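Down below is the structure, laid out as structure tokens.
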Amino acid sequence: MLRYLTAGESHGKALVVIIEGLPAGLPITAEEIQGELARRRLGYGRGPRQRFEADNLTLIGGVRHGRTLGSPVAIEIENSEWFRSDKWHEEMSPAPGATKDPLTQVRPGHADLAGMQKYGFTDARDVLERASARETAARVAAGALAKKLLAPLGVQVLSHVIQVGAARAASSSRPVPTDLGAVDASSVRCFDPDVEAAMVSEIEAAAKEGDSLGGVVEVLAYGMPIGLGSHVHWDRKLDGLLAQALMSIQAVKGVEIGDGFEVAGRRGSAAHDPIVWDADNQRYRRESSLAGGTEGGMSTGELLVVRAAMKPLATLNRPTLKTVDVVTKEETVSFKERTDVTAVPALGVVAETMVALVLAAEAQRKFGGDSLDEFVRNAESFAAGLR
Ligand code: EPS
């Protein structure tokens with residue numbers, strides 16, 4: 001079973017991720033993981049921290065001479081903040097002590113208040129440091145390995161931004177794998193250049209007012225194998241697993257598989273993907289992708305389409321959200337933390353990661369194998385059986 005666990009706080013010394021269950025023989029280099037981490041920092045509208053956050057990583061275990069050993073892979077990613085300023089050595093010290101400056105003007109829409117109540121804290125920093133989306137750097141490192149596992153099956157996962165604030169791209173412009181460079185080259189990771197300009201204007205307007213913006217990303221998986229996930233149990237359904245994984249990303253409030261919300265308003269006769277026999281390729285095909293590549297909680301082999309909606313960040317550069325100081329109980333506005341205007345471009349890369357991790361875990365469950373060769377052989381044998 002492929003599983004992973006992250007640890008670390010946003011302004012602590014480092015993030016750590018351990019990934020277990022990868023087969024032996026998977027080729028991977030620190031540079032490849034670094035490349036994925038750099039993609040996550042892309043995007044107009046991110047705060048100053050992204051410019052100096054270098055995401056220096058160390059492969060601590062599980063990889064030898066550029067290949068996985070089948071043992072747990074451990075990766076450490078430094079937080080540049082820790083090394084830039086002594087402030088964080090004191091604020092985030094694991095040694096006994098207390099902060100001189102507790103954060104008590106809890107931010108609406110953030111984990112602050114519910115986390116303080118749940119865990120009995122008097123300083124919001126005890127919650128926000130872990131709730132921060134900085135943690136997604138560790139997930140993306142794990143996702144780099146998941147993508148490497150999917151590659152020999154011919155699966156390619158990519159994402160693009162389809163909405164920032166009120167600027168929305170038409171659903172017809174969908175990138176294919178060779179377009180990924182162009183998407184990454186866009187300042188907001190949008191595939192439609194006209195909409196890109198509108199998105200940039202939205203971000204500039206919100207920045208001027210010290211406000212934040214949300215949006216929507218679409219993740220596409222090309223080259224999907226048939227039969228990942230299962231109809232037999234609620235917790236094995238591929239669409240359910242994808243929804244949970246995407247919903248677990250900080251600030252995500254909505255997930256859609258295929259045209260889920262649009263299809264809800266149609267009649268049944270116009271809401272399903274017709275099945276045809278493709279004699280040339282000796283396979284079944286769906287003529288459309290309304291279902292987003294899953295039926296009955298299983299992958300159909302068609303293009304996988306999932307979307308994630310992110311709410312506008314709860315931290316504002318000009319705090320205007322009404323709240324209460326948890327010490328005085330008096331009305332105030334939420335405390336000011338340095339922040340991004342929007343993190344939607346980064347969300348795309350994180351959403352790719354979460355989709356890749358789910359697909360890799362399900363591919364491992366279906367095809368098994370302790371070495372990469374065995375895993376690929378089993379997948380090929382299943383595909384040959386279908387033909
Ligand atoms: C974040 C706030 C900002 C972001 C951070 C997530 O950090 P800071 O408050 O230190 O400026 O830059 O994201 C990252 C550091 C990252 O690598 O993604 C938050 O509150 O979630």
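Within each chain, counting starts at residue 1; across the structure tokens, chains are named A, B, ... in the order shown, with ligands numbered 1 upward in that order.
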DSSP helix (DSSP H, G or I) residues within region 55-137 of chain A, listed as an NGL selection string: :A and (80-84 or 86-91 or 112-119 or 125-131 or 133-137)
Counting only C-alpha atoms and all ligand atoms, what are the residues, protein, DNA or RNA alike, that approach ligand 1 to within 7 Å? I want them as number ranges by chain. A: 10-11, 41, 46-50, 53, 131-134, 136-137, 315, 337-340
From A:Ala361, A:Asp325, A:Thr99, A:Ser187, residue lying nearest Val200 (chain A) [only C-alpha atoms]: A:Ser187
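Using only C-alpha atoms, the smallest distance between any of A:Val350, A:Leu372, A:Ile60, A:Val355 and Gly21 (chain A) comes from A:Leu372.
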Just the residues within 10 Å of Arg39 (chain A), please, counting only C-alpha atoms, with nothing from its chain fewer than 2 positions along; format it as a ChimeraX atom specification. /A:34-37,41-43,140,184-185,189,345-346,348-350
Dump of C-alpha atoms for the selected residues, as a short mmCIF file (atom, residue, chain, number, x, y, z; two decimals), in the first residue's frame:
```cif
data_model
loop_
_atom_site.label_atom_id
_atom_site.label_comp_id
_atom_site.auth_asym_id
_atom_site.auth_seq_id
_atom_site.Cartn_x
_atom_site.Cartn_y
_atom_site.Cartn_z
CA GLN A 34 13.31 20.12 -6.96
CA GLY A 35 11.79 20.83 -10.39
CA GLU A 36 8.30 19.97 -9.13
CA LEU A 37 8.81 22.11 -6.03
CA ARG A 41 6.12 28.39 -6.36
CA LEU A 42 5.07 29.73 -9.77
CA GLY A 43 2.26 32.19 -10.15
CA VAL A 140 4.53 17.89 -3.90
CA ASP A 184 3.78 26.64 -16.68
CA ALA A 185 5.07 29.62 -18.70
CA ARG A 189 -0.83 28.86 -15.23
CA PRO A 345 -1.70 28.88 -9.72
CA ALA A 346 0.11 26.91 -6.99
CA GLY A 348 -2.95 23.51 -9.70
CA VAL A 349 0.43 21.92 -9.00
CA VAL A 350 -0.69 20.71 -5.57
#
```
Tell me, as number ranges by chain, which residues lie within 10 Å of Leu316 (chain A), counting only C-alpha atoms; anything in the same chain fewer than 4 positions away does not count. A: 107, 207, 209-213, 312, 320-321, 334-341
Atoms to include: all heavy atoms. Write the selected residues as a compact mmCIF listing (two decimals), in the first residue's frame.
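That gives us selection-v3.txt:
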```txt
# COMPACT_ATOMS: atom_id res chain seq x y z
N ARG A 107 -8.37 34.80 12.82
CA ARG A 107 -8.83 35.16 11.46
C ARG A 107 -10.03 34.31 11.04
O ARG A 107 -9.93 33.08 11.01
CB ARG A 107 -7.69 34.94 10.46
CG ARG A 107 -6.48 35.84 10.68
CD ARG A 107 -5.26 35.29 9.98
NE ARG A 107 -4.92 33.97 10.49
CZ ARG A 107 -4.00 33.17 9.95
NH1 ARG A 107 -3.32 33.55 8.89
NH2 ARG A 107 -3.75 31.99 10.49
N ALA A 207 -4.97 43.16 -5.23
CA ALA A 207 -3.74 43.51 -4.50
C ALA A 207 -3.77 44.96 -4.06
O ALA A 207 -3.38 45.29 -2.94
CB ALA A 207 -2.52 43.24 -5.39
N GLU A 209 -6.20 46.69 -3.25
CA GLU A 209 -7.10 46.88 -2.11
C GLU A 209 -6.74 46.01 -0.91
O GLU A 209 -7.51 45.92 0.04
CB GLU A 209 -8.54 46.62 -2.56
CG GLU A 209 -9.04 47.74 -3.47
CD GLU A 209 -10.33 47.39 -4.18
OE1 GLU A 209 -11.11 46.61 -3.62
OE2 GLU A 209 -10.54 47.91 -5.29
N GLY A 210 -5.59 45.34 -0.99
CA GLY A 210 -5.17 44.49 0.13
C GLY A 210 -6.08 43.29 0.32
O GLY A 210 -6.22 42.76 1.42
N ASP A 211 -6.73 42.87 -0.78
CA ASP A 211 -7.71 41.79 -0.68
C ASP A 211 -7.13 40.50 -1.28
O ASP A 211 -6.01 40.49 -1.80
CB ASP A 211 -8.99 42.20 -1.42
CG ASP A 211 -10.22 41.73 -0.67
OD1 ASP A 211 -10.16 40.64 -0.07
OD2 ASP A 211 -11.26 42.44 -0.70
N SER A 212 -7.90 39.41 -1.22
CA SER A 212 -7.42 38.12 -1.74
C SER A 212 -8.43 37.54 -2.72
O SER A 212 -9.57 37.99 -2.77
CB SER A 212 -7.19 37.15 -0.58
OG SER A 212 -8.41 36.86 0.06
N LEU A 213 -8.01 36.54 -3.50
CA LEU A 213 -8.87 35.93 -4.52
C LEU A 213 -8.76 34.41 -4.49
O LEU A 213 -7.69 33.86 -4.25
CB LEU A 213 -8.42 36.38 -5.92
CG LEU A 213 -8.67 37.83 -6.35
CD1 LEU A 213 -8.01 38.07 -7.70
CD2 LEU A 213 -10.17 38.12 -6.43
N PRO A 312 -11.11 32.35 -1.48
CA PRO A 312 -10.08 33.40 -1.34
C PRO A 312 -9.35 33.21 -0.01
O PRO A 312 -9.98 32.84 0.99
CB PRO A 312 -10.90 34.70 -1.34
CG PRO A 312 -12.19 34.34 -2.00
CD PRO A 312 -12.47 32.91 -1.64
N THR A 320 -9.76 43.35 7.12
CA THR A 320 -11.06 44.00 7.23
C THR A 320 -12.11 43.03 7.77
O THR A 320 -13.26 43.40 7.91
CB THR A 320 -11.53 44.50 5.85
OG1 THR A 320 -11.36 43.42 4.92
CG2 THR A 320 -10.77 45.70 5.36
N LEU A 321 -11.71 41.79 8.03
CA LEU A 321 -12.69 40.80 8.47
C LEU A 321 -12.96 40.94 9.97
O LEU A 321 -12.03 40.94 10.78
CB LEU A 321 -12.19 39.38 8.16
CG LEU A 321 -12.18 38.98 6.68
CD1 LEU A 321 -11.48 37.65 6.49
CD2 LEU A 321 -13.62 38.89 6.16
N SER A 334 -9.10 40.86 12.14
CA SER A 334 -8.14 39.78 12.26
C SER A 334 -6.72 40.31 12.10
O SER A 334 -6.48 41.28 11.39
CB SER A 334 -8.42 38.70 11.21
OG SER A 334 -8.55 39.27 9.93
N PHE A 335 -5.76 39.63 12.76
CA PHE A 335 -4.38 40.12 12.74
C PHE A 335 -3.81 40.03 11.33
O PHE A 335 -4.24 39.23 10.51
CB PHE A 335 -3.50 39.36 13.74
CG PHE A 335 -3.41 37.87 13.50
CD1 PHE A 335 -2.56 37.36 12.53
CD2 PHE A 335 -4.17 36.99 14.26
CE1 PHE A 335 -2.47 36.00 12.31
CE2 PHE A 335 -4.09 35.63 14.04
CZ PHE A 335 -3.24 35.13 13.06
N LYS A 336 -2.81 40.85 11.08
CA LYS A 336 -2.20 40.91 9.75
C LYS A 336 -0.99 39.99 9.73
O LYS A 336 -0.10 40.11 10.56
CB LYS A 336 -1.78 42.35 9.45
CG LYS A 336 -1.18 42.54 8.07
CD LYS A 336 -0.77 43.99 7.87
CE LYS A 336 -0.19 44.24 6.50
NZ LYS A 336 0.79 43.27 6.02
N GLU A 337 -0.99 39.05 8.79
CA GLU A 337 0.19 38.24 8.52
C GLU A 337 0.54 38.54 7.08
O GLU A 337 -0.35 38.75 6.25
CB GLU A 337 -0.13 36.74 8.63
CG GLU A 337 -0.16 36.20 10.03
CD GLU A 337 1.20 35.64 10.46
OE1 GLU A 337 1.65 34.65 9.89
OE2 GLU A 337 1.78 36.23 11.38
N ARG A 338 1.80 38.54 6.75
CA ARG A 338 2.17 38.69 5.34
C ARG A 338 1.51 37.54 4.57
O ARG A 338 1.44 36.41 5.06
CB ARG A 338 3.69 38.57 5.25
CG ARG A 338 4.24 38.70 3.85
CD ARG A 338 5.70 38.34 3.85
NE ARG A 338 5.88 37.01 4.41
CZ ARG A 338 7.01 36.57 4.92
NH1 ARG A 338 8.06 37.34 4.98
NH2 ARG A 338 7.10 35.36 5.42
N THR A 339 1.03 37.80 3.39
CA THR A 339 0.31 36.74 2.69
C THR A 339 0.35 36.91 1.18
O THR A 339 0.85 37.90 0.66
CB THR A 339 -1.16 36.67 3.18
OG1 THR A 339 -1.80 35.54 2.59
CG2 THR A 339 -1.93 37.92 2.79
N ASP A 340 -0.20 35.92 0.48
CA ASP A 340 -0.34 35.97 -0.97
C ASP A 340 -1.68 36.64 -1.30
O ASP A 340 -2.60 36.61 -0.50
CB ASP A 340 -0.37 34.55 -1.56
CG ASP A 340 0.77 33.67 -1.05
OD1 ASP A 340 1.86 34.20 -0.83
OD2 ASP A 340 0.55 32.46 -0.90
N VAL A 341 -1.80 37.22 -2.51
CA VAL A 341 -3.11 37.71 -2.98
C VAL A 341 -3.94 36.51 -3.43
O VAL A 341 -5.12 36.39 -3.15
CB VAL A 341 -2.95 38.72 -4.14
CG1 VAL A 341 -4.31 39.16 -4.65
CG2 VAL A 341 -2.13 39.90 -3.69
```
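Nearest residue to Val106 (chain A) among A:Leu128, A:Leu15, A:Leu69, A:Ala308 is A:Leu128, counting only C-alpha atoms.
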Residues of region 291-366 of chain A at most 12 Å from region 227-239 of chain A: nearest atom pair and distance in Å, only C-alpha atoms, as JSON lines:
```
{"residue": "A:Ala291", "atom": "CA", "partner": "A:Asp239", "partner_atom": "CA", "distance": 10.1}
{"residue": "A:Gly292", "atom": "CA", "partner": "A:Asp239", "partner_atom": "CA", "distance": 9.3}
{"residue": "A:Gly293", "atom": "CA", "partner": "A:Asp239", "partner_atom": "CA", "distance": 9.3}
{"residue": "A:Thr294", "atom": "CA", "partner": "A:Asp239", "partner_atom": "CA", "distance": 6.8}
{"residue": "A:Glu295", "atom": "CA", "partner": "A:His231", "partner_atom": "CA", "distance": 8.6}
{"residue": "A:Gly296", "atom": "CA", "partner": "A:His231", "partner_atom": "CA", "distance": 5.2}
{"residue": "A:Gly297", "atom": "CA", "partner": "A:Lys237", "partner_atom": "CA", "distance": 4.0}
{"residue": "A:Met298", "atom": "CA", "partner": "A:Gly229", "partner_atom": "CA", "distance": 4.7}
{"residue": "A:Ser299", "atom": "CA", "partner": "A:Gly227", "partner_atom": "CA", "distance": 5.1}
{"residue": "A:Thr300", "atom": "CA", "partner": "A:Gly227", "partner_atom": "CA", "distance": 6.4}
{"residue": "A:Gly301", "atom": "CA", "partner": "A:Gly227", "partner_atom": "CA", "distance": 7.5}
{"residue": "A:Glu302", "atom": "CA", "partner": "A:Gly227", "partner_atom": "CA", "distance": 10.8}
{"residue": "A:Leu304", "atom": "CA", "partner": "A:Asp239", "partner_atom": "CA", "distance": 9.9}
{"residue": "A:Val305", "atom": "CA", "partner": "A:Asp239", "partner_atom": "CA", "distance": 10.3}
{"residue": "A:Val306", "atom": "CA", "partner": "A:Asp239", "partner_atom": "CA", "distance": 9.0}
{"residue": "A:Arg307", "atom": "CA", "partner": "A:Asp239", "partner_atom": "CA", "distance": 11.6}
{"residue": "A:Val355", "atom": "CA", "partner": "A:Leu238", "partner_atom": "CA", "distance": 10.2}
{"residue": "A:Leu357", "atom": "CA", "partner": "A:Leu238", "partner_atom": "CA", "distance": 11.9}
{"residue": "A:Val358", "atom": "CA", "partner": "A:Leu238", "partner_atom": "CA", "distance": 8.1}
{"residue": "A:Leu359", "atom": "CA", "partner": "A:Leu228", "partner_atom": "CA", "distance": 7.4}
{"residue": "A:Ala360", "atom": "CA", "partner": "A:Leu228", "partner_atom": "CA", "distance": 9.5}
{"residue": "A:Ala361", "atom": "CA", "partner": "A:Leu228", "partner_atom": "CA", "distance": 9.4}
{"residue": "A:Glu362", "atom": "CA", "partner": "A:Leu228", "partner_atom": "CA", "distance": 5.7}
{"residue": "A:Ala363", "atom": "CA", "partner": "A:Leu228", "partner_atom": "CA", "distance": 6.2}
{"residue": "A:Gln364", "atom": "CA", "partner": "A:Leu228", "partner_atom": "CA", "distance": 9.4}
{"residue": "A:Arg365", "atom": "CA", "partner": "A:Leu228", "partner_atom": "CA", "distance": 8.5}
{"residue": "A:Lys366", "atom": "CA", "partner": "A:Leu228", "partner_atom": "CA", "distance": 6.8}
```
Requested write-out: C-alpha atoms of the selected residues, as a JSON list (two decimals), in the first residue's frame:
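Written file, result04.json:
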```json
[["chain", "number", "residue", "atom", "x", "y", "z"],
["A", 291, "ALA", "CA", -18.37, 11.60, -16.33],
["A", 292, "GLY", "CA", -14.74, 12.75, -16.12],
["A", 293, "GLY", "CA", -13.28, 9.29, -16.73],
["A", 294, "THR", "CA", -14.90, 7.37, -13.85],
["A", 295, "GLU", "CA", -17.99, 5.17, -13.79],
["A", 296, "GLY", "CA", -19.07, 3.22, -10.72],
["A", 297, "GLY", "CA", -16.01, 4.48, -8.85],
["A", 298, "MET", "CA", -13.63, 2.93, -11.41],
["A", 299, "SER", "CA", -11.48, 4.52, -14.08],
["A", 300, "THR", "CA", -12.85, 3.87, -17.57],
["A", 301, "GLY", "CA", -9.55, 4.48, -19.35],
["A", 302, "GLU", "CA", -10.86, 7.81, -20.67],
["A", 304, "LEU", "CA", -9.70, 11.85, -16.09],
["A", 305, "VAL", "CA", -11.09, 15.34, -15.41],
["A", 306, "VAL", "CA", -11.34, 16.74, -11.88],
["A", 307, "ARG", "CA", -11.69, 20.30, -10.64],
["A", 355, "VAL", "CA", -4.40, 13.23, -8.04],
["A", 357, "LEU", "CA", -0.76, 10.19, -5.36],
["A", 358, "VAL", "CA", -4.28, 8.70, -5.48],
["A", 359, "LEU", "CA", -3.73, 7.20, -8.95],
["A", 360, "ALA", "CA", -0.31, 5.80, -7.99],
["A", 361, "ALA", "CA", -1.72, 4.25, -4.81],
["A", 362, "GLU", "CA", -4.62, 2.68, -6.71],
["A", 363, "ALA", "CA", -2.32, 1.47, -9.51],
["A", 364, "GLN", "CA", -0.11, -0.15, -6.86],
["A", 365, "ARG", "CA", -3.15, -1.75, -5.25],
["A", 366, "LYS", "CA", -4.31, -3.15, -8.59]]
```
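For the set A:Lys118, A:Glu352, A:Ala270, A:Arg125, the residue with the smallest atom-to-atom gap to Val219 (chain A) is A:Glu352, counting only C-alpha atoms.
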Residues within 10 Å of Ala169 (chain A), please, as a ChimeraX atom specification. Count only C-alpha atoms; anything in the same chain fewer than 4 positions from it doesn't count. /A:161-164,173-174,190-196,198-199,216
